[in-house]
file structure.tsv (TSV, C-alpha atoms)
chain	number	residue	atom	x	y	z
L	1	MET	CA	0.00	0.00	0.00
L	2	THR	CA	1.19	3.52	-0.73
L	3	LEU	CA	1.09	6.16	2.01
L	4	THR	CA	-2.01	7.73	0.46
L	5	GLN	CA	-3.78	4.38	0.35
L	6	GLN	CA	-2.92	3.82	4.00
L	7	PHE	CA	-4.39	7.21	4.93
L	8	ILE	CA	-7.54	6.44	2.95
L	9	THR	CA	-7.89	3.07	4.71
L	10	ILE	CA	-7.48	4.63	8.16
L	11	GLY	CA	-9.90	7.40	7.15
L	12	ILE	CA	-12.51	4.81	6.14
L	13	VAL	CA	-12.11	2.96	9.45
L	14	VAL	CA	-12.52	6.24	11.38
L	15	ALA	CA	-15.55	7.29	9.31
L	16	VAL	CA	-17.37	3.94	9.63
L	17	THR	CA	-16.61	3.74	13.37
L	18	VAL	CA	-18.06	7.23	13.91
L	19	PHE	CA	-21.02	6.24	11.71
L	20	THR	CA	-21.88	3.24	13.93
L	21	ARG	CA	-21.67	5.44	17.02
L	22	ALA	CA	-23.61	8.37	15.59
L	23	ILE	CA	-26.39	6.84	13.47
L	24	ALA	CA	-28.94	6.57	16.30
L	25	PHE	CA	-28.35	10.24	17.20
L	26	TRP	CA	-28.90	11.29	13.58
L	27	LEU	CA	-32.06	9.25	13.20
L	28	PHE	CA	-33.55	10.42	16.50
L	29	PRO	CA	-32.42	14.04	17.01
L	30	GLU	CA	-33.03	15.94	20.23
L	31	GLY	CA	-35.70	18.27	18.91
L	32	LYS	CA	-38.07	15.48	17.87
L	33	LYS	CA	-39.85	13.00	20.09
L	34	THR	CA	-38.04	9.66	20.12
L	35	PRO	CA	-40.39	6.91	18.83
L	36	PRO	CA	-41.78	4.71	21.66
L	37	PHE	CA	-40.19	1.64	20.10
L	38	VAL	CA	-36.73	3.22	20.33
L	39	GLN	CA	-37.41	4.34	23.92
L	40	TYR	CA	-38.35	0.73	24.69
L	41	LEU	CA	-35.14	-0.54	23.09
L	42	GLY	CA	-33.11	2.01	25.04
L	43	LYS	CA	-34.39	0.45	28.25
L	44	ALA	CA	-34.49	-3.20	27.19
L	45	LEU	CA	-31.14	-3.38	25.38
L	46	PRO	CA	-28.50	-2.57	28.06
L	47	PRO	CA	-28.75	-5.82	30.10
L	48	ALA	CA	-28.56	-7.87	26.90
L	49	VAL	CA	-25.63	-5.80	25.64
L	50	PHE	CA	-23.75	-6.23	28.94
L	51	GLY	CA	-24.28	-10.01	28.65
L	52	MET	CA	-23.04	-9.89	25.07
L	53	LEU	CA	-19.92	-7.95	26.13
L	54	VAL	CA	-19.10	-10.56	28.78
L	55	ILE	CA	-19.24	-13.30	26.15
L	56	TYR	CA	-17.28	-11.08	23.74
L	57	CYS	CA	-14.45	-10.82	26.29
L	58	LEU	CA	-14.40	-14.59	26.67
L	59	LYS	CA	-14.67	-15.40	22.97
L	60	ASP	CA	-11.12	-16.67	22.63
L	61	CYS	CA	-11.30	-19.08	25.59
L	62	SER	CA	-11.41	-22.76	24.81
L	63	LEU	CA	-13.19	-25.16	27.13
L	64	LEU	CA	-11.69	-28.17	25.41
L	65	SER	CA	-7.99	-27.33	25.28
L	66	GLY	CA	-5.25	-25.47	27.14
L	67	THR	CA	-6.38	-24.43	30.60
L	68	HIS	CA	-10.04	-25.33	29.81
L	69	ALA	CA	-10.93	-21.72	30.65
L	70	LEU	CA	-10.51	-22.59	34.32
L	71	PRO	CA	-8.73	-19.34	35.30
L	72	GLU	CA	-11.51	-17.32	33.61
L	73	LEU	CA	-14.36	-19.30	35.16
L	74	LEU	CA	-12.86	-19.37	38.65
L	75	SER	CA	-12.10	-15.64	38.57
L	76	ILE	CA	-15.64	-14.85	37.40
L	77	ALA	CA	-17.00	-17.05	40.22
L	78	LEU	CA	-14.89	-15.06	42.70
L	79	ILE	CA	-16.06	-11.73	41.23
L	80	THR	CA	-19.67	-12.89	41.58
L	81	LEU	CA	-19.17	-13.92	45.20
L	82	VAL	CA	-17.37	-10.71	46.17
L	83	HIS	CA	-19.81	-8.51	44.32
L	84	VAL	CA	-22.97	-10.10	45.72
L	85	ARG	CA	-21.56	-9.76	49.24
L	86	LYS	CA	-19.86	-6.37	49.14
L	87	ARG	CA	-21.36	-4.56	46.12
L	88	ASN	CA	-18.11	-2.67	45.67
L	89	MET	CA	-17.23	-2.36	42.00
L	90	PHE	CA	-13.51	-1.73	42.52
L	91	LEU	CA	-13.06	-4.49	45.08
L	92	SER	CA	-14.81	-6.97	42.77
L	93	ILE	CA	-12.75	-6.00	39.73
L	94	ALA	CA	-9.47	-6.00	41.67
L	95	SER	CA	-10.03	-9.37	43.33
L	96	GLY	CA	-11.05	-10.99	40.04
L	97	THR	CA	-8.06	-9.59	38.17
L	98	VAL	CA	-5.54	-10.55	40.88
L	99	CYS	CA	-7.08	-14.03	41.08
L	100	TYR	CA	-6.77	-14.42	37.30
L	101	MET	CA	-3.15	-13.23	37.26
L	102	LEU	CA	-2.19	-15.62	40.05
L	103	LEU	CA	-3.92	-18.52	38.33
L	104	THR	CA	-2.41	-17.91	34.89
L	105	ASN	CA	1.08	-17.17	36.19
L	106	TYR	CA	1.49	-19.87	38.80
L	107	LEU	CA	-1.08	-22.62	38.50
L	108	CYS	CA	-2.32	-23.15	34.98
D	1	MET	CA	-19.27	22.13	38.42
D	2	ILE	CA	-16.71	20.85	35.94
D	3	LYS	CA	-14.24	19.95	38.69
D	4	LYS	CA	-16.86	18.20	40.79
D	5	ALA	CA	-17.87	16.05	37.82
D	6	LEU	CA	-14.21	15.14	37.25
D	7	LYS	CA	-13.81	14.13	40.89
D	8	THR	CA	-16.90	11.94	40.66
D	9	ALA	CA	-15.93	10.42	37.32
D	10	PHE	CA	-12.29	9.60	38.03
D	11	PRO	CA	-12.81	6.65	40.44
D	12	TYR	CA	-15.05	4.90	37.89
D	13	SER	CA	-12.27	5.16	35.33
D	14	ILE	CA	-9.59	3.50	37.47
D	15	PRO	CA	-10.21	-0.07	36.24
D	16	ILE	CA	-10.06	1.29	32.69
D	17	LEU	CA	-6.87	3.16	33.51
D	18	THR	CA	-5.28	-0.17	34.37
D	19	GLY	CA	-6.71	-2.03	31.41
D	20	PHE	CA	-6.18	0.63	28.77
D	21	LEU	CA	-2.61	1.44	29.78
D	22	PHE	CA	-1.77	-2.24	29.56
D	23	LEU	CA	-3.63	-2.90	26.30
D	24	GLY	CA	-2.50	0.44	24.83
D	25	ILE	CA	1.15	-0.38	25.54
D	26	SER	CA	0.63	-3.81	23.96
D	27	TYR	CA	-0.90	-2.14	20.92
D	28	GLY	CA	1.99	0.32	20.58
D	29	ILE	CA	4.54	-2.47	20.83
D	30	TYR	CA	2.58	-4.61	18.37
D	31	MET	CA	2.47	-1.83	15.78
D	32	ARG	CA	6.21	-1.21	16.05
D	33	ALA	CA	6.86	-4.95	15.75
D	34	LEU	CA	4.88	-4.95	12.49
D	35	GLY	CA	7.24	-2.27	11.20
D	36	PHE	CA	5.09	0.86	11.53
D	37	SER	CA	6.56	4.13	12.76
D	38	ALA	CA	5.45	5.40	16.19
D	39	ALA	CA	3.15	7.95	14.54
D	40	TYR	CA	0.76	5.18	13.43
D	41	PRO	CA	-0.28	3.80	16.83
D	42	ILE	CA	-0.35	7.33	18.30
D	43	PHE	CA	-2.67	8.77	15.68
D	44	MET	CA	-4.72	5.62	15.18
D	45	SER	CA	-5.44	5.39	18.93
D	46	MET	CA	-6.52	9.04	18.88
D	47	LEU	CA	-8.65	8.92	15.73
D	48	ILE	CA	-10.11	5.41	15.61
D	49	PHE	CA	-10.38	4.86	19.38
D	50	ALA	CA	-11.94	1.41	19.14
D	51	GLY	CA	-9.50	-1.11	20.60
D	52	SER	CA	-10.13	-4.28	18.67
D	53	MET	CA	-10.66	-2.35	15.43
D	54	GLU	CA	-7.20	-0.80	15.73
D	55	PHE	CA	-5.57	-4.21	15.80
D	56	VAL	CA	-7.68	-5.24	12.80
D	57	THR	CA	-6.71	-2.04	10.95
D	58	ALA	CA	-3.04	-2.85	11.47
D	59	SER	CA	-3.41	-6.11	9.57
D	60	MET	CA	-5.48	-4.38	6.88
D	61	LEU	CA	-2.68	-1.85	6.32
D	62	LEU	CA	-0.31	-4.71	5.64
D	63	GLY	CA	-2.57	-6.23	2.99
D	64	GLY	CA	-3.69	-4.94	-0.40
D	65	PHE	CA	-5.69	-1.71	-0.80
D	66	ASN	CA	-9.37	-2.57	-0.46
D	67	PRO	CA	-11.52	0.38	0.65
D	68	ILE	CA	-14.86	-1.43	0.38
D	69	GLY	CA	-13.54	-4.42	2.31
D	70	ALA	CA	-12.21	-2.05	4.98
D	71	ALA	CA	-15.60	-0.34	5.31
D	72	LEU	CA	-17.51	-3.64	5.57
D	73	LEU	CA	-15.10	-5.15	8.07
D	74	THR	CA	-15.28	-2.01	10.25
D	75	LEU	CA	-19.06	-2.09	10.06
D	76	MET	CA	-19.11	-5.71	11.22
D	77	VAL	CA	-16.60	-5.34	14.04
D	78	ASN	CA	-18.17	-2.10	15.30
D	79	ALA	CA	-21.85	-2.81	14.67
D	80	ARG	CA	-22.39	-3.15	18.43
D	81	HIS	CA	-21.93	0.63	18.73
D	82	ILE	CA	-25.28	1.06	16.95
D	83	PHE	CA	-26.89	-0.50	20.04
D	84	TYR	CA	-24.94	1.83	22.30
D	85	GLY	CA	-26.23	4.79	20.33
D	86	ILE	CA	-29.86	3.64	20.60
D	87	THR	CA	-29.41	3.28	24.36
D	88	MET	CA	-27.72	6.65	24.89
D	89	VAL	CA	-30.02	8.77	22.68
D	90	SER	CA	-32.02	9.86	25.73
D	91	LYS	CA	-29.11	10.01	28.22
D	92	TYR	CA	-26.99	12.25	26.00
D	93	LYS	CA	-29.77	14.82	25.58
D	94	ASN	CA	-29.27	18.42	26.72
D	95	VAL	CA	-25.52	18.17	27.22
D	96	GLY	CA	-24.62	20.86	24.68
D	97	LYS	CA	-21.66	20.67	22.34
D	98	LYS	CA	-20.02	17.96	24.46
D	99	LYS	CA	-22.42	15.58	22.76
D	100	TRP	CA	-20.25	15.46	19.64
D	101	TYR	CA	-17.30	14.22	21.64
D	102	LEU	CA	-19.44	11.79	23.66
D	103	ILE	CA	-20.57	10.19	20.39
D	104	PHE	CA	-17.06	10.13	18.91
D	105	GLY	CA	-15.59	8.55	22.06
D	106	MET	CA	-18.34	6.01	22.76
D	107	CYS	CA	-16.19	2.89	23.12
D	108	ASP	CA	-17.36	-0.26	24.95
D	109	GLU	CA	-16.00	0.94	28.29
D	110	SER	CA	-17.23	4.55	28.17
D	111	PHE	CA	-20.65	3.34	27.08
D	112	SER	CA	-20.83	0.74	29.85
D	113	ILE	CA	-19.87	3.20	32.59
D	114	ASN	CA	-22.09	6.03	31.35
D	115	CYS	CA	-25.01	3.69	30.79
D	116	SER	CA	-24.85	1.89	34.14
D	117	VAL	CA	-23.63	4.46	36.67
D	118	GLU	CA	-26.30	6.58	38.32
D	119	VAL	CA	-24.75	10.03	38.43
D	120	PRO	CA	-25.11	11.33	42.01
D	121	GLU	CA	-27.37	14.30	42.60
D	122	GLY	CA	-25.64	17.65	42.41
D	123	VAL	CA	-23.17	16.39	39.81
D	124	ASP	CA	-23.63	17.63	36.26
D	125	LYS	CA	-24.47	14.60	34.11
D	126	GLY	CA	-23.10	16.01	30.88
D	127	TRP	CA	-19.71	16.76	32.42
D	128	PHE	CA	-19.63	13.40	34.19
D	129	TYR	CA	-20.17	11.60	30.85
D	130	PHE	CA	-17.61	13.89	29.22
D	131	TRP	CA	-14.90	13.17	31.79
D	132	VAL	CA	-15.47	9.42	31.74
D	133	THR	CA	-15.08	9.48	27.96
D	134	LEU	CA	-12.08	11.80	27.90
D	135	LEU	CA	-10.23	10.05	30.74
D	136	ASN	CA	-10.73	6.69	29.05
D	137	GLN	CA	-9.44	7.96	25.74
D	138	SER	CA	-6.44	9.64	27.39
D	139	TYR	CA	-5.45	6.35	29.03
D	140	TRP	CA	-5.67	4.55	25.71
D	141	VAL	CA	-3.68	7.15	23.77
D	142	LEU	CA	-1.12	7.42	26.58
D	143	GLY	CA	-0.69	3.63	26.64
D	144	ALA	CA	-0.32	3.38	22.86
D	145	THR	CA	2.17	6.27	22.85
D	146	CYS	CA	4.28	4.72	25.62
D	147	GLY	CA	4.23	1.35	23.88
D	148	ALA	CA	5.16	2.91	20.56
D	149	LEU	CA	8.02	5.04	21.89
D	150	LEU	CA	9.42	2.97	24.73
D	151	GLY	CA	8.11	-0.48	23.89
D	152	SER	CA	11.43	-2.16	23.31
D	153	LEU	CA	12.97	-0.63	26.44
D	154	VAL	CA	10.48	-1.85	29.00
D	155	THR	CA	9.84	-5.42	29.82
D	156	PHE	CA	7.28	-5.98	32.49
D	157	ASP	CA	5.78	-9.13	33.82
D	158	SER	CA	2.08	-8.50	33.84
D	159	LYS	CA	0.65	-11.56	32.20
D	160	GLY	CA	-3.07	-11.75	32.82
D	161	LEU	CA	-3.59	-8.05	33.55
D	162	GLU	CA	-5.78	-7.79	30.47
D	163	PHE	CA	-8.44	-9.67	32.45
D	164	VAL	CA	-9.28	-6.36	34.15
D	165	MET	CA	-11.48	-5.51	31.16
D	166	THR	CA	-13.38	-8.80	31.39
D	167	ALA	CA	-13.76	-8.22	35.14
D	168	LEU	CA	-15.18	-4.75	34.44
D	169	PHE	CA	-17.87	-6.08	32.11
D	170	VAL	CA	-18.71	-8.98	34.45
D	171	VAL	CA	-19.20	-6.51	37.31
D	172	ILE	CA	-21.34	-4.18	35.22
D	173	PHE	CA	-23.45	-7.15	34.12
D	174	LEU	CA	-23.78	-8.41	37.72
D	175	ASP	CA	-24.52	-5.00	39.17
D	176	ASN	CA	-27.33	-4.57	36.69
D	177	TRP	CA	-28.56	-8.13	37.39
D	178	LEU	CA	-28.83	-7.39	41.12
D	179	LYS	CA	-31.04	-4.37	40.38
D	180	GLU	CA	-33.31	-6.13	37.90
D	181	LYS	CA	-36.88	-7.21	38.48
D	182	ASN	CA	-36.82	-9.83	35.76
D	183	TYR	CA	-33.72	-11.24	34.16
D	184	PHE	CA	-35.14	-11.69	30.68
D	185	SER	CA	-32.88	-9.26	28.82
D	186	SER	CA	-29.72	-10.23	30.77
D	187	LEU	CA	-30.27	-13.93	30.13
D	188	LEU	CA	-31.18	-13.24	26.52
D	189	GLY	CA	-27.93	-11.38	25.88
D	190	LEU	CA	-25.84	-14.01	27.59
D	191	GLY	CA	-27.66	-17.00	26.05
D	192	ILE	CA	-27.93	-15.80	22.46
D	193	SER	CA	-24.29	-14.63	22.43
D	194	LEU	CA	-23.12	-17.97	23.78
D	195	VAL	CA	-25.13	-19.97	21.24
D	196	CYS	CA	-23.92	-17.74	18.39
D	197	LEU	CA	-20.31	-18.05	19.59
D	198	VAL	CA	-20.56	-21.84	19.43
D	199	VAL	CA	-22.34	-21.85	16.07
D	200	PHE	CA	-20.52	-19.05	14.21
D	201	GLY	CA	-17.13	-18.94	15.95
D	202	ALA	CA	-15.22	-16.17	17.70
D	203	GLU	CA	-14.66	-14.02	14.60
D	204	LYS	CA	-18.22	-13.95	13.28
D	205	PHE	CA	-20.65	-14.33	16.18
D	206	LEU	CA	-21.32	-10.67	17.05
D	207	VAL	CA	-23.48	-9.65	14.10
D	208	PRO	CA	-25.82	-12.69	14.20
D	209	ALA	CA	-26.03	-12.36	18.00
D	210	MET	CA	-27.02	-8.70	17.70
D	211	CYS	CA	-29.65	-9.45	15.05
D	212	MET	CA	-31.21	-12.18	17.21
D	213	ILE	CA	-31.20	-10.03	20.35
D	214	PHE	CA	-32.88	-7.25	18.37
D	215	ILE	CA	-35.53	-9.59	16.93
D	216	VAL	CA	-36.37	-11.28	20.25
D	217	LEU	CA	-36.55	-7.98	22.16
D	218	SER	CA	-38.79	-6.51	19.45
D	219	LEU	CA	-41.15	-9.48	19.65
D	220	ALA	CA	-41.13	-9.41	23.46
D	221	ARG	CA	-42.17	-5.77	23.59
D	222	PRO	CA	-45.33	-5.29	25.62
D	223	HIS	CA	-48.31	-4.08	23.61
D	224	PRO	CA	-47.92	-0.30	23.22
D	225	GLU	CA	-51.41	0.47	24.57
D	226	LYS	CA	-50.77	-1.49	27.72
D	227	GLU	CA	-47.40	0.16	28.24
D	228	VAL	CA	-47.32	2.74	30.98
D	229	ALA	CA	-45.99	5.97	29.50

call {"tool": "encode", "arguments": {"input": "structure.tsv", "output": "structure tokens"}}
result
Amino acid sequence: MTLTQQFITIGIVVAVTVFTRAIAFWLFPEGKKTPPFVQYLGKALPPAVFGMLVIYCLKDCSLLSGTHALPELLSIALITLVHVRKRNMFLSIASGTVCYMLLTNYLC
Amino acid sequence: MIKKALKTAFPYSIPILTGFLFLGISYGIYMRALGFSAAYPIFMSMLIFAGSMEFVTASMLLGGFNPIGAALLTLMVNARHIFYGITMVSKYKNVGKKKWYLIFGMCDESFSINCSVEVPEGVDKGWFYFWVTLLNQSYWVLGATCGALLGSLVTFDSKGLEFVMTALFVVIFLDNWLKEKNYFSSLLGLGISLVCLVVFGAEKFLVPAMCMIFIVLSLARPHPEKEVA
């Protein structure tokens, strides 16, 4: 690729990324009333999207080979336990991450 | 007002500070290893600001020139942002010109924090959202810059630190779960994504998963007349 072609490629990636982020705001501008269906989606979507993001983070784990995703599953179990008991976002994230680092570095 | 919002926003960004510095440094080092000059990771992290897409772009730059392919691939990898937009249309109302930046910087992490955190009373929502977004992007650009400029000089043993991002999303999911009255949407997102991951594989599962989530949620919508406005 020439330098110009590289710039065009990066420009396209930037433009399409902004497009995916902005399209809903263009379709449903502030001045107009947002259609009830979109309001419904705005409320119903987030839990599903959070679930999807969790799976997205784990997409490269393999249950059948390597560590059998044990470090991931055990750390998530710990996060769940800590979070249900303490409800402290930072404590939950920190304990899960430290647990995962210990497991991957020393045990698995 | 601006300062107070920054003080409120900063603690929420700490997990992302850890994750983005680490991943950003990895990205900077990766780009240099592929033979790009430091300017590439620095400007790409500033302008694209979509983690996984930046890694994908690096491999595209090494291949043949294919603008249409680049557009389609970006659309597929980043299609999930369309959902974020739909969700934030009402939250990002009445925030003034900051809105443009909020939309530009709406990555997975900024969306998740701004969507799930209830901004305390007395704190300006617009500025809170703005600081979360700007802090997150600064961490990412800082990480990529450090990786690009100093990558070969630093070796650090931090295997597994990337899990901080997974932990963040698990906690956001859980926190929302604990507040929910029914778990339909949470279970739907988890279940459909898992099934699609098994069926379509890691590279291709997001778009079919999003389509199915959209279809099921549309069908599950309560009848408009019965809905309480």

call {"tool": "closest_atom_pairs", "arguments": {"input": "structure.tsv", "of": "range 79-122 of chain D", "to": "range 9-28 of chain L", "cutoff": "8 Å", "atoms": "all atoms listed in the file", "output": "tab-separated table"}}
result
residue	atom	partner	partner_atom	distance
D:Ala79	CA	L:Thr20	CA	6.1
D:Arg80	CA	L:Thr20	CA	7.8
D:His81	CA	L:Arg21	CA	5.1
D:Ile82	CA	L:Thr20	CA	5.0
D:Tyr84	CA	L:Arg21	CA	7.2
D:Gly85	CA	L:Ala24	CA	5.2
D:Ile86	CA	L:Ala24	CA	5.3
D:Val89	CA	L:Phe25	CA	5.9
D:Ile103	CA	L:Arg21	CA	5.9
D:Phe104	CA	L:Val18	CA	5.9
D:Met106	CA	L:Arg21	CA	6.7

call {"tool": "atom_distance", "arguments": {"input": "structure.tsv", "atom1": "CA of Val119 in chain D", "atom2": "CA of Ala220 in chain D"}}
result
29.5 Å

call {"tool": "interface_residues", "arguments": {"input": "structure.tsv", "of": "chain D", "to": "chain L", "cutoff": "7 Å", "atoms": "all atoms listed in the file", "output": "JSON, numbers by chain"}}
result
{"D": [47, 48, 61, 64, 65, 67, 70, 71, 74, 75, 78, 79, 81, 82, 85, 86, 87, 89, 93, 103, 104, 106, 159, 160, 161, 163, 164, 166, 167, 168, 169, 170, 171, 173, 176, 185, 186, 188, 189, 190, 193, 194, 202]}

call {"tool": "atom_distance", "arguments": {"input": "structure.tsv", "atom1": "CA of Phe214 in chain D", "atom2": "CA of Met88 in chain D"}}
result
16.2 Å

call {"tool": "closest_residue", "arguments": {"input": "structure.tsv", "among": "D:Leu197, D:Gly96, D:Lys204, D:Ile215", "to": "Val77 in chain D", "atoms": "only C-alpha atoms"}}
result
D:Lys204

call {"tool": "residues_around", "arguments": {"input": "structure.tsv", "residues": "Ala148 in chain D", "least_positions_apart": "3", "cutoff": "7 Å", "atoms": "all atoms listed in the file", "output": "PyMOL selection string"}}
result
chain D and resi 28-29+32+38+41+144-145+151

call {"tool": "atom_distance", "arguments": {"input": "structure.tsv", "atom1": "CA of Gly147 in chain D", "atom2": "CA of Thr57 in chain D"}}
result
17.3 Å

call {"tool": "residues_near_point", "arguments": {"input": "structure.tsv", "point": "(-16.3, 19.1, 41.3)", "cutoff": "12 Å", "atoms": "only C-alpha atoms", "output": "PyMOL selection string"}}
result
chain D and resi 1-10+120+122-125+127-128+131

call {"tool": "build_atoms", "arguments": {"input": "structure.tsv", "residues": "range 119-130 of chain D", "atoms": "N, CA, C and O atoms", "output": "CSV table (one decimal), in the coordinates of the input"}}
result
chain,number,residue,atom,x,y,z
D,119,VAL,N,-25.5,8.8,38.1
D,119,VAL,CA,-24.8,10.0,38.4
D,119,VAL,C,-25.4,10.6,39.7
D,119,VAL,O,-26.6,10.9,39.7
D,120,PRO,N,-24.6,10.8,40.8
D,120,PRO,CA,-25.1,11.3,42.0
D,120,PRO,C,-25.8,12.7,41.8
D,120,PRO,O,-25.4,13.5,40.9
D,121,GLU,N,-26.7,13.0,42.7
D,121,GLU,CA,-27.4,14.3,42.6
D,121,GLU,C,-26.4,15.4,42.9
D,121,GLU,O,-25.5,15.3,43.7
D,122,GLY,N,-26.5,16.5,42.2
D,122,GLY,CA,-25.6,17.6,42.4
D,122,GLY,C,-24.4,17.6,41.5
D,122,GLY,O,-23.6,18.5,41.4
D,123,VAL,N,-24.3,16.5,40.8
D,123,VAL,CA,-23.2,16.4,39.8
D,123,VAL,C,-23.8,16.5,38.4
D,123,VAL,O,-24.8,15.9,38.1
D,124,ASP,N,-23.1,17.4,37.6
D,124,ASP,CA,-23.6,17.6,36.3
D,124,ASP,C,-23.4,16.4,35.4
D,124,ASP,O,-22.3,15.9,35.2
D,125,LYS,N,-24.5,15.9,34.9
D,125,LYS,CA,-24.5,14.6,34.1
D,125,LYS,C,-23.6,14.7,32.9
D,125,LYS,O,-22.8,13.9,32.6
D,126,GLY,N,-23.8,15.8,32.1
D,126,GLY,CA,-23.1,16.0,30.9
D,126,GLY,C,-21.6,16.0,31.1
D,126,GLY,O,-20.9,15.3,30.4
D,127,TRP,N,-21.2,16.7,32.1
D,127,TRP,CA,-19.7,16.8,32.4
D,127,TRP,C,-19.2,15.4,33.0
D,127,TRP,O,-18.1,15.0,32.7
D,128,PHE,N,-20.0,14.7,33.7
D,128,PHE,CA,-19.6,13.4,34.2
D,128,PHE,C,-19.4,12.5,33.0
D,128,PHE,O,-18.3,11.9,32.9
D,129,TYR,N,-20.3,12.4,32.1
D,129,TYR,CA,-20.2,11.6,30.8
D,129,TYR,C,-18.9,12.0,30.1
D,129,TYR,O,-18.2,11.2,29.6
D,130,PHE,N,-18.7,13.4,30.0
D,130,PHE,CA,-17.6,13.9,29.2
D,130,PHE,C,-16.3,13.4,29.8
D,130,PHE,O,-15.4,13.0,29.1
